[in-house]
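Listing of my_file37.cif; format and content: mmCIF, C-alpha atoms.
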```cif
data_data
#
loop_
_atom_site.label_atom_id
_atom_site.label_comp_id
_atom_site.auth_asym_id
_atom_site.auth_seq_id
_atom_site.Cartn_x
_atom_site.Cartn_y
_atom_site.Cartn_z
CA SER A 30 11.75 -12.70 7.33
CA GLN A 31 8.89 -11.43 9.44
CA GLN A 32 9.38 -10.88 13.13
CA GLY A 33 6.70 -11.87 15.56
CA GLU A 34 3.43 -13.63 15.09
CA GLU A 35 -0.27 -13.00 15.31
CA ASP A 36 -2.34 -15.50 17.20
CA PRO A 37 -4.60 -17.16 16.29
CA GLN A 38 -3.98 -17.52 12.56
CA ALA A 39 -7.72 -17.86 11.99
CA LEU A 40 -10.74 -17.04 14.13
CA SER A 41 -14.42 -17.70 13.42
CA ILE A 42 -17.12 -16.18 15.64
CA GLN A 43 -20.83 -15.25 15.58
CA GLU A 44 -22.07 -11.73 15.13
CA GLY A 45 -22.29 -9.93 18.45
CA GLU A 46 -19.42 -11.84 20.03
CA ASN A 47 -16.08 -10.29 20.88
CA ALA A 48 -12.92 -11.12 18.94
CA THR A 49 -9.45 -11.02 20.45
CA MET A 50 -6.28 -11.19 18.42
CA ASN A 51 -2.80 -11.26 19.84
CA CYS A 52 0.54 -10.14 18.50
CA SER A 53 4.02 -10.92 19.77
CA TYR A 54 7.27 -9.36 18.68
CA LYS A 55 10.97 -9.73 19.37
CA THR A 56 12.69 -6.35 19.20
CA SER A 57 12.19 -2.97 20.84
CA ILE A 58 9.52 -0.84 19.25
CA ASN A 59 8.72 2.81 18.77
CA ASN A 60 5.05 2.10 18.26
CA LEU A 61 2.75 -0.74 17.26
CA GLN A 62 -0.05 -0.40 14.75
CA TRP A 63 -3.01 -2.55 13.79
CA TYR A 64 -4.34 -2.76 10.24
CA ARG A 65 -7.29 -4.44 8.56
CA GLN A 66 -7.23 -5.90 5.07
CA ASN A 67 -10.29 -6.98 3.13
CA SER A 68 -9.90 -9.66 0.46
CA GLY A 69 -6.23 -9.03 -0.31
CA ARG A 70 -6.68 -5.35 -1.07
CA GLY A 71 -5.16 -2.32 0.61
CA LEU A 72 -4.54 -2.10 4.33
CA VAL A 73 -6.63 0.20 6.48
CA HIS A 74 -5.02 1.74 9.53
CA LEU A 75 -7.06 1.02 12.66
CA ILE A 76 -5.11 2.19 15.68
CA LEU A 77 -1.59 3.11 16.78
CA ILE A 78 -0.24 2.61 20.28
CA ARG A 79 3.07 4.09 21.35
CA SER A 80 5.63 2.22 23.40
CA ASN A 81 4.87 4.32 26.50
CA GLU A 82 1.13 3.63 26.30
CA ARG A 83 -0.63 0.60 27.74
CA GLU A 84 -4.14 0.80 26.33
CA LYS A 85 -6.01 2.66 23.61
CA HIS A 86 -9.61 2.70 22.47
CA SER A 87 -11.25 3.63 19.19
CA GLY A 88 -14.95 2.91 18.87
CA ARG A 89 -15.40 -0.85 19.23
CA LEU A 90 -11.65 -1.42 19.17
CA ARG A 91 -9.43 -1.78 22.20
CA VAL A 92 -5.69 -2.29 21.93
CA THR A 93 -3.34 -3.16 24.77
CA LEU A 94 0.43 -3.20 24.79
CA ASP A 95 2.73 -4.99 27.21
CA THR A 96 6.30 -4.05 26.37
CA SER A 97 7.71 -6.29 29.12
CA LYS A 98 6.13 -9.30 27.42
CA LYS A 99 6.61 -7.85 23.93
CA SER A 100 2.99 -8.44 23.12
CA SER A 101 -0.16 -6.61 22.08
CA SER A 102 -3.78 -7.54 21.69
CA LEU A 103 -6.65 -6.19 19.62
CA LEU A 104 -10.17 -6.62 20.93
CA ILE A 105 -13.16 -6.02 18.67
CA THR A 106 -16.37 -5.84 20.70
CA ALA A 107 -19.87 -6.65 19.44
CA SER A 108 -18.51 -7.92 16.13
CA ARG A 109 -20.38 -7.51 12.86
CA ALA A 110 -20.26 -9.44 9.60
CA ALA A 111 -18.53 -6.41 8.08
CA ASP A 112 -15.59 -6.98 10.46
CA THR A 113 -14.69 -10.08 8.45
CA ALA A 114 -11.15 -9.42 7.25
CA SER A 115 -7.50 -10.15 7.96
CA TYR A 116 -5.95 -8.19 10.79
CA PHE A 117 -2.25 -7.41 11.01
CA CYS A 118 -0.09 -5.93 13.68
CA ALA A 119 2.89 -3.93 12.50
CA ARG A 120 5.83 -2.77 14.53
CA LYS A 121 7.68 0.41 13.86
CA THR A 122 11.15 -0.22 15.19
CA GLN A 123 13.33 2.41 16.79
CA GLY A 124 15.58 4.28 14.42
CA GLY A 125 15.29 6.65 11.49
CA SER A 126 13.50 4.45 8.97
CA GLU A 127 9.72 4.44 8.64
CA LYS A 128 9.86 0.67 8.08
CA LEU A 129 6.96 -1.36 9.42
CA VAL A 130 7.43 -5.03 10.27
CA PHE A 131 4.23 -7.02 9.80
CA GLY A 132 3.21 -10.39 11.13
CA LYS A 133 1.32 -12.99 9.11
CA GLY A 134 -2.05 -11.77 10.31
CA THR A 135 -5.21 -13.21 11.80
CA LYS A 136 -8.04 -14.08 9.43
CA LEU A 137 -11.29 -13.20 11.21
CA THR A 138 -14.64 -14.52 10.01
CA VAL A 139 -17.79 -13.14 11.61
CA ASN A 140 -20.80 -15.28 10.83
CA PRO A 141 -24.22 -13.56 10.62
CA ASP B 5 -9.14 14.49 -0.58
CA ALA B 6 -7.89 11.59 -2.70
CA GLY B 7 -6.21 8.69 -0.94
CA VAL B 8 -3.09 6.91 -2.05
CA THR B 9 -3.51 5.89 -5.67
CA GLN B 10 -1.64 3.08 -7.35
CA SER B 11 -1.49 2.06 -10.97
CA PRO B 12 -2.05 -0.26 -12.60
CA THR B 13 -4.39 -2.33 -10.42
CA HIS B 14 -3.53 -5.59 -12.14
CA LEU B 15 -0.63 -6.63 -14.31
CA ILE B 16 0.50 -9.84 -15.98
CA LYS B 17 4.12 -10.13 -17.06
CA THR B 18 6.36 -12.86 -18.40
CA ARG B 19 9.48 -14.09 -16.65
CA GLY B 20 12.50 -11.97 -17.49
CA GLN B 21 10.47 -8.85 -18.27
CA HIS B 22 10.63 -5.54 -16.46
CA VAL B 23 7.77 -3.82 -14.63
CA THR B 24 7.13 -0.31 -13.33
CA LEU B 25 4.53 0.33 -10.67
CA ARG B 26 3.36 3.82 -9.78
CA CYS B 27 2.11 5.47 -6.62
CA SER B 28 0.70 8.91 -5.83
CA PRO B 29 0.69 9.76 -2.12
CA ILE B 30 -1.89 11.75 -0.22
CA SER B 31 -1.42 15.47 -0.81
CA GLY B 32 1.08 16.80 1.72
CA HIS B 33 2.63 13.42 2.51
CA LYS B 34 6.32 13.44 1.68
CA SER B 35 7.13 9.88 2.71
CA VAL B 36 6.33 6.93 0.46
CA SER B 37 7.00 3.30 1.27
CA TRP B 38 6.65 0.15 -0.81
CA TYR B 39 5.68 -3.30 0.45
CA GLN B 40 5.38 -6.71 -1.17
CA GLN B 41 2.67 -9.05 0.04
CA VAL B 42 2.78 -12.66 -1.08
CA LEU B 43 -0.46 -14.61 -0.78
CA GLY B 44 -1.10 -15.72 2.78
CA GLN B 45 1.65 -13.57 4.28
CA GLY B 46 1.91 -10.12 5.78
CA PRO B 47 3.43 -7.25 3.80
CA GLN B 48 7.22 -7.06 3.62
CA PHE B 49 9.04 -3.75 3.48
CA ILE B 50 10.87 -2.99 0.24
CA PHE B 51 11.75 0.73 0.26
CA GLN B 52 11.02 4.01 1.94
CA TYR B 53 11.59 7.39 0.29
CA TYR B 54 11.39 10.80 1.87
CA GLU B 55 12.04 14.05 0.07
CA LYS B 56 13.30 12.06 -2.94
CA GLU B 57 15.95 10.27 -0.90
CA GLU B 58 16.01 6.60 0.00
CA ARG B 59 15.59 6.31 3.77
CA GLY B 60 15.23 2.57 4.12
CA ARG B 61 15.64 -0.61 2.14
CA GLY B 62 14.36 -4.08 2.91
CA ASN B 63 15.95 -7.42 2.16
CA PHE B 64 15.24 -7.49 -1.56
CA PRO B 65 17.67 -8.10 -4.46
CA ASP B 66 19.08 -5.33 -6.61
CA ARG B 67 16.50 -6.17 -9.27
CA PHE B 68 14.20 -4.02 -7.19
CA SER B 69 14.68 -0.26 -7.38
CA ALA B 70 12.57 2.80 -6.74
CA ARG B 71 12.60 6.54 -6.96
CA GLN B 72 10.56 9.50 -5.78
CA PHE B 73 9.76 12.50 -7.88
CA PRO B 74 9.58 16.22 -6.93
CA ASN B 75 5.78 15.93 -6.55
CA TYR B 76 6.42 13.04 -4.07
CA SER B 77 4.93 10.38 -6.34
CA SER B 78 6.99 7.25 -6.63
CA GLU B 79 7.83 4.39 -8.95
CA LEU B 80 8.88 0.87 -8.08
CA ASN B 81 10.83 -0.95 -10.76
CA VAL B 82 11.51 -4.65 -10.88
CA ASN B 83 13.87 -6.10 -13.49
CA ALA B 84 14.29 -9.67 -14.71
CA LEU B 85 11.00 -10.79 -13.22
CA LEU B 86 10.81 -14.17 -11.54
CA LEU B 87 7.73 -16.28 -10.82
CA GLY B 88 8.32 -15.56 -7.14
CA ASP B 89 7.79 -11.85 -7.73
CA SER B 90 4.09 -12.53 -8.16
CA ALA B 91 2.46 -10.63 -5.31
CA LEU B 92 0.39 -7.66 -4.26
CA TYR B 93 2.57 -4.54 -4.22
CA LEU B 94 1.41 -1.93 -1.76
CA CYS B 95 2.36 1.70 -1.52
CA ALA B 96 1.90 3.68 1.68
CA SER B 97 2.28 7.35 2.40
CA SER B 98 2.64 9.14 5.69
CA LEU B 99 3.54 12.30 7.49
CA VAL B 100 6.88 11.27 8.93
CA GLY B 101 6.85 10.61 12.65
CA VAL B 102 3.21 11.43 13.17
CA ASN B 103 0.55 8.80 12.75
CA GLY B 104 -0.09 5.58 10.93
CA TYR B 105 0.25 4.99 7.26
CA THR B 106 -2.30 5.26 4.49
CA PHE B 107 -2.07 2.41 2.03
CA GLY B 108 -3.19 2.29 -1.56
CA SER B 109 -5.28 -0.58 -2.90
CA GLY B 110 -2.21 -2.18 -4.40
CA THR B 111 -1.06 -3.55 -7.72
CA ARG B 112 -1.58 -7.26 -8.23
CA LEU B 113 1.40 -8.51 -10.25
CA THR B 114 1.30 -11.96 -11.80
CA VAL B 115 4.45 -13.32 -13.42
CA VAL B 116 3.90 -16.24 -15.79
#
```
Write-out of the structure in structure tokens:
Amino acid sequence: SQQGEEDPQALSIQEGENATMNCSYKTSINNLQWYRQNSGRGLVHLILIRSNEREKHSGRLRVTLDTSKKSSSLLITASRAADTASYFCARKTQGGSEKLVFGKGTKLTVNP
Amino acid sequence: DAGVTQSPTHLIKTRGQHVTLRCSPISGHKSVSWYQQVLGQGPQFIFQYYEKEERGRGNFPDRFSARQFPNYSSELNVNALLLGDSALYLCASSLVGVNGYTFGSGTRLTVV
């Protein structure tokens, strides 16, 4: 079973608006990663935030991590139609395995 | 530099048959992981291999097996296919303990 959830499950916005997606999890993490997936194809790595970090930026992306609340958020600023995709958070748990635990994702639609 | 390549891209099999999916990691990446993604869900971890040894296994039946070759490419084998095995199978490679994962475009398996 998958641990944690993304919220909302679906989000529809206009081009130029900001999009915020949230992720909650249940167990301790080593790091948390965000991925984008277009039309059921391969996942593209967006950003990784380590458990001792609180915020990270990459271009129009901003990720925050609150380990006390076991939650993370992904903010996409000035969205574009090309940002339309499903976004997943994935937790790498502590331990030797490279296993990632994914949520169900947020389906983002950016309308032109 | 080529990304993670998976073959075939699409596959249709009949219940009870066997399937082999193949993955070539990014050059220099010694870790390969396999994920199953059912429609509408996030990817679920199946296996991780590093230096030809199994380092992690998800909650999948023994019908699922994998191996990694000396050149770090990998195969995922599924025996006695069930309708429920229909999914997108994703391969990811990484430099262990460094950054995020690079995913291939996946193999879409349909079991009829």
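The shell of residues at most 7 Å from stretch 11-21 of chain B, with all atoms listed in the file counted and near chain neighbours (fewer than 4 positions) removed, consists of Leu25, Arg26, Cys27, Asn83, Ala84, Leu85, Leu86, Leu87, Gly110, Thr111, Arg112, Leu113, Thr114, Val115 and Val116 of chain B.
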The selected residues should be written to file as an mmCIF file, in the frame of the given file (atoms: C-alpha atoms).
```cif
data_model
loop_
_atom_site.group_PDB
_atom_site.id
_atom_site.type_symbol
_atom_site.label_atom_id
_atom_site.label_comp_id
_atom_site.auth_asym_id
_atom_site.auth_seq_id
_atom_site.Cartn_x
_atom_site.Cartn_y
_atom_site.Cartn_z
ATOM 1 C CA LEU B 25 4.530 0.330 -10.670
ATOM 2 C CA ARG B 26 3.360 3.820 -9.780
ATOM 3 C CA CYS B 27 2.110 5.470 -6.620
ATOM 4 C CA ASN B 83 13.870 -6.100 -13.490
ATOM 5 C CA ALA B 84 14.290 -9.670 -14.710
ATOM 6 C CA LEU B 85 11.000 -10.790 -13.220
ATOM 7 C CA LEU B 86 10.810 -14.170 -11.540
ATOM 8 C CA LEU B 87 7.730 -16.280 -10.820
ATOM 9 C CA GLY B 110 -2.210 -2.180 -4.400
ATOM 10 C CA THR B 111 -1.060 -3.550 -7.720
ATOM 11 C CA ARG B 112 -1.580 -7.260 -8.230
ATOM 12 C CA LEU B 113 1.400 -8.510 -10.250
ATOM 13 C CA THR B 114 1.300 -11.960 -11.800
ATOM 14 C CA VAL B 115 4.450 -13.320 -13.420
ATOM 15 C CA VAL B 116 3.900 -16.240 -15.790
#
```
Report the closest atom pair, with its distance in Å rounded to one decimal, for each residue of chain A that has an atom no farther than 9 Å from chain B; count only C-alpha atoms, sort by chain and then rising residue number, and write it as JSON lines.
```
{"residue": "A:Ser30", "atom": "CA", "partner": "B:Gln48", "partner_atom": "CA", "distance": 8.1}
{"residue": "A:Gln31", "atom": "CA", "partner": "B:Gln48", "partner_atom": "CA", "distance": 7.5}
{"residue": "A:Gln62", "atom": "CA", "partner": "B:Gly104", "partner_atom": "CA", "distance": 7.1}
{"residue": "A:Gly69", "atom": "CA", "partner": "B:Leu92", "partner_atom": "CA", "distance": 7.8}
{"residue": "A:Arg70", "atom": "CA", "partner": "B:Ser109", "partner_atom": "CA", "distance": 5.3}
{"residue": "A:Gly71", "atom": "CA", "partner": "B:Ser109", "partner_atom": "CA", "distance": 3.9}
{"residue": "A:Leu72", "atom": "CA", "partner": "B:Phe107", "partner_atom": "CA", "distance": 5.6}
{"residue": "A:Val73", "atom": "CA", "partner": "B:Phe107", "partner_atom": "CA", "distance": 6.7}
{"residue": "A:His74", "atom": "CA", "partner": "B:Gly104", "partner_atom": "CA", "distance": 6.4}
{"residue": "A:Leu75", "atom": "CA", "partner": "B:Gly104", "partner_atom": "CA", "distance": 8.5}
{"residue": "A:Ile76", "atom": "CA", "partner": "B:Gly104", "partner_atom": "CA", "distance": 7.7}
{"residue": "A:Leu77", "atom": "CA", "partner": "B:Gly104", "partner_atom": "CA", "distance": 6.5}
{"residue": "A:Phe117", "atom": "CA", "partner": "B:Gly46", "partner_atom": "CA", "distance": 7.2}
{"residue": "A:Gly125", "atom": "CA", "partner": "B:Arg59", "partner_atom": "CA", "distance": 7.7}
{"residue": "A:Ser126", "atom": "CA", "partner": "B:Gly60", "partner_atom": "CA", "distance": 5.5}
{"residue": "A:Glu127", "atom": "CA", "partner": "B:Gln52", "partner_atom": "CA", "distance": 6.8}
{"residue": "A:Lys128", "atom": "CA", "partner": "B:Phe49", "partner_atom": "CA", "distance": 6.4}
{"residue": "A:Leu129", "atom": "CA", "partner": "B:Phe49", "partner_atom": "CA", "distance": 6.7}
{"residue": "A:Val130", "atom": "CA", "partner": "B:Gln48", "partner_atom": "CA", "distance": 7.0}
{"residue": "A:Phe131", "atom": "CA", "partner": "B:Gly46", "partner_atom": "CA", "distance": 5.6}
{"residue": "A:Gly132", "atom": "CA", "partner": "B:Gly46", "partner_atom": "CA", "distance": 5.5}
{"residue": "A:Lys133", "atom": "CA", "partner": "B:Gly46", "partner_atom": "CA", "distance": 4.4}
{"residue": "A:Gly134", "atom": "CA", "partner": "B:Gly46", "partner_atom": "CA", "distance": 6.2}
```
Please produce a file of the residues just selected, as a short mmCIF file (atom, residue, chain, number, x, y, z; two decimals), keeping the file's coordinate frame, where the atoms kept are C-alpha atoms.
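result-v9.cif, freshly written:
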```cif
data_model
loop_
_atom_site.label_atom_id
_atom_site.label_comp_id
_atom_site.auth_asym_id
_atom_site.auth_seq_id
_atom_site.Cartn_x
_atom_site.Cartn_y
_atom_site.Cartn_z
CA SER A 30 11.75 -12.70 7.33
CA GLN A 31 8.89 -11.43 9.44
CA GLN A 62 -0.05 -0.40 14.75
CA GLY A 69 -6.23 -9.03 -0.31
CA ARG A 70 -6.68 -5.35 -1.07
CA GLY A 71 -5.16 -2.32 0.61
CA LEU A 72 -4.54 -2.10 4.33
CA VAL A 73 -6.63 0.20 6.48
CA HIS A 74 -5.02 1.74 9.53
CA LEU A 75 -7.06 1.02 12.66
CA ILE A 76 -5.11 2.19 15.68
CA LEU A 77 -1.59 3.11 16.78
CA PHE A 117 -2.25 -7.41 11.01
CA GLY A 125 15.29 6.65 11.49
CA SER A 126 13.50 4.45 8.97
CA GLU A 127 9.72 4.44 8.64
CA LYS A 128 9.86 0.67 8.08
CA LEU A 129 6.96 -1.36 9.42
CA VAL A 130 7.43 -5.03 10.27
CA PHE A 131 4.23 -7.02 9.80
CA GLY A 132 3.21 -10.39 11.13
CA LYS A 133 1.32 -12.99 9.11
CA GLY A 134 -2.05 -11.77 10.31
#
```
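Using all atoms listed in the file, the shortest contact distance between A:Trp63 and any of A:Ala39, A:Val139, A:Ala119, A:Ala48 is found at A:Ala119.
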Surrounding residues of A:Thr122 excluding itself and chain neighbours under 6 positions, 7 Å, all atoms listed in the file, as a list of chain:residue names: A:Ser57, A:Ile58, A:Asn59
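The protein and nucleic acid residues lying at most 9 Å from A:Pro141 are A:Gln43, A:Glu44, A:Gly45, A:Arg109, A:Ala110, with all atoms listed in the file considered and sequence neighbours fewer than 4 positions away removed.
The protein and nucleic acid residues lying at most 10 Å from stretch 79-95 of chain A are A:Asn47, A:Ala48, A:Thr49, A:Met50, A:Asn51, A:Cys52, A:Ser53, A:Ser57, A:Ile58, A:Asn59, A:Asn60, A:Leu61, A:Gln62, A:Trp63, A:Ser101, A:Ser102, A:Leu103, A:Leu104, A:Ile105, A:Thr106, A:Ala107, A:Ser108, A:Lys121, with only C-alpha atoms considered and sequence neighbours fewer than 6 positions away removed.
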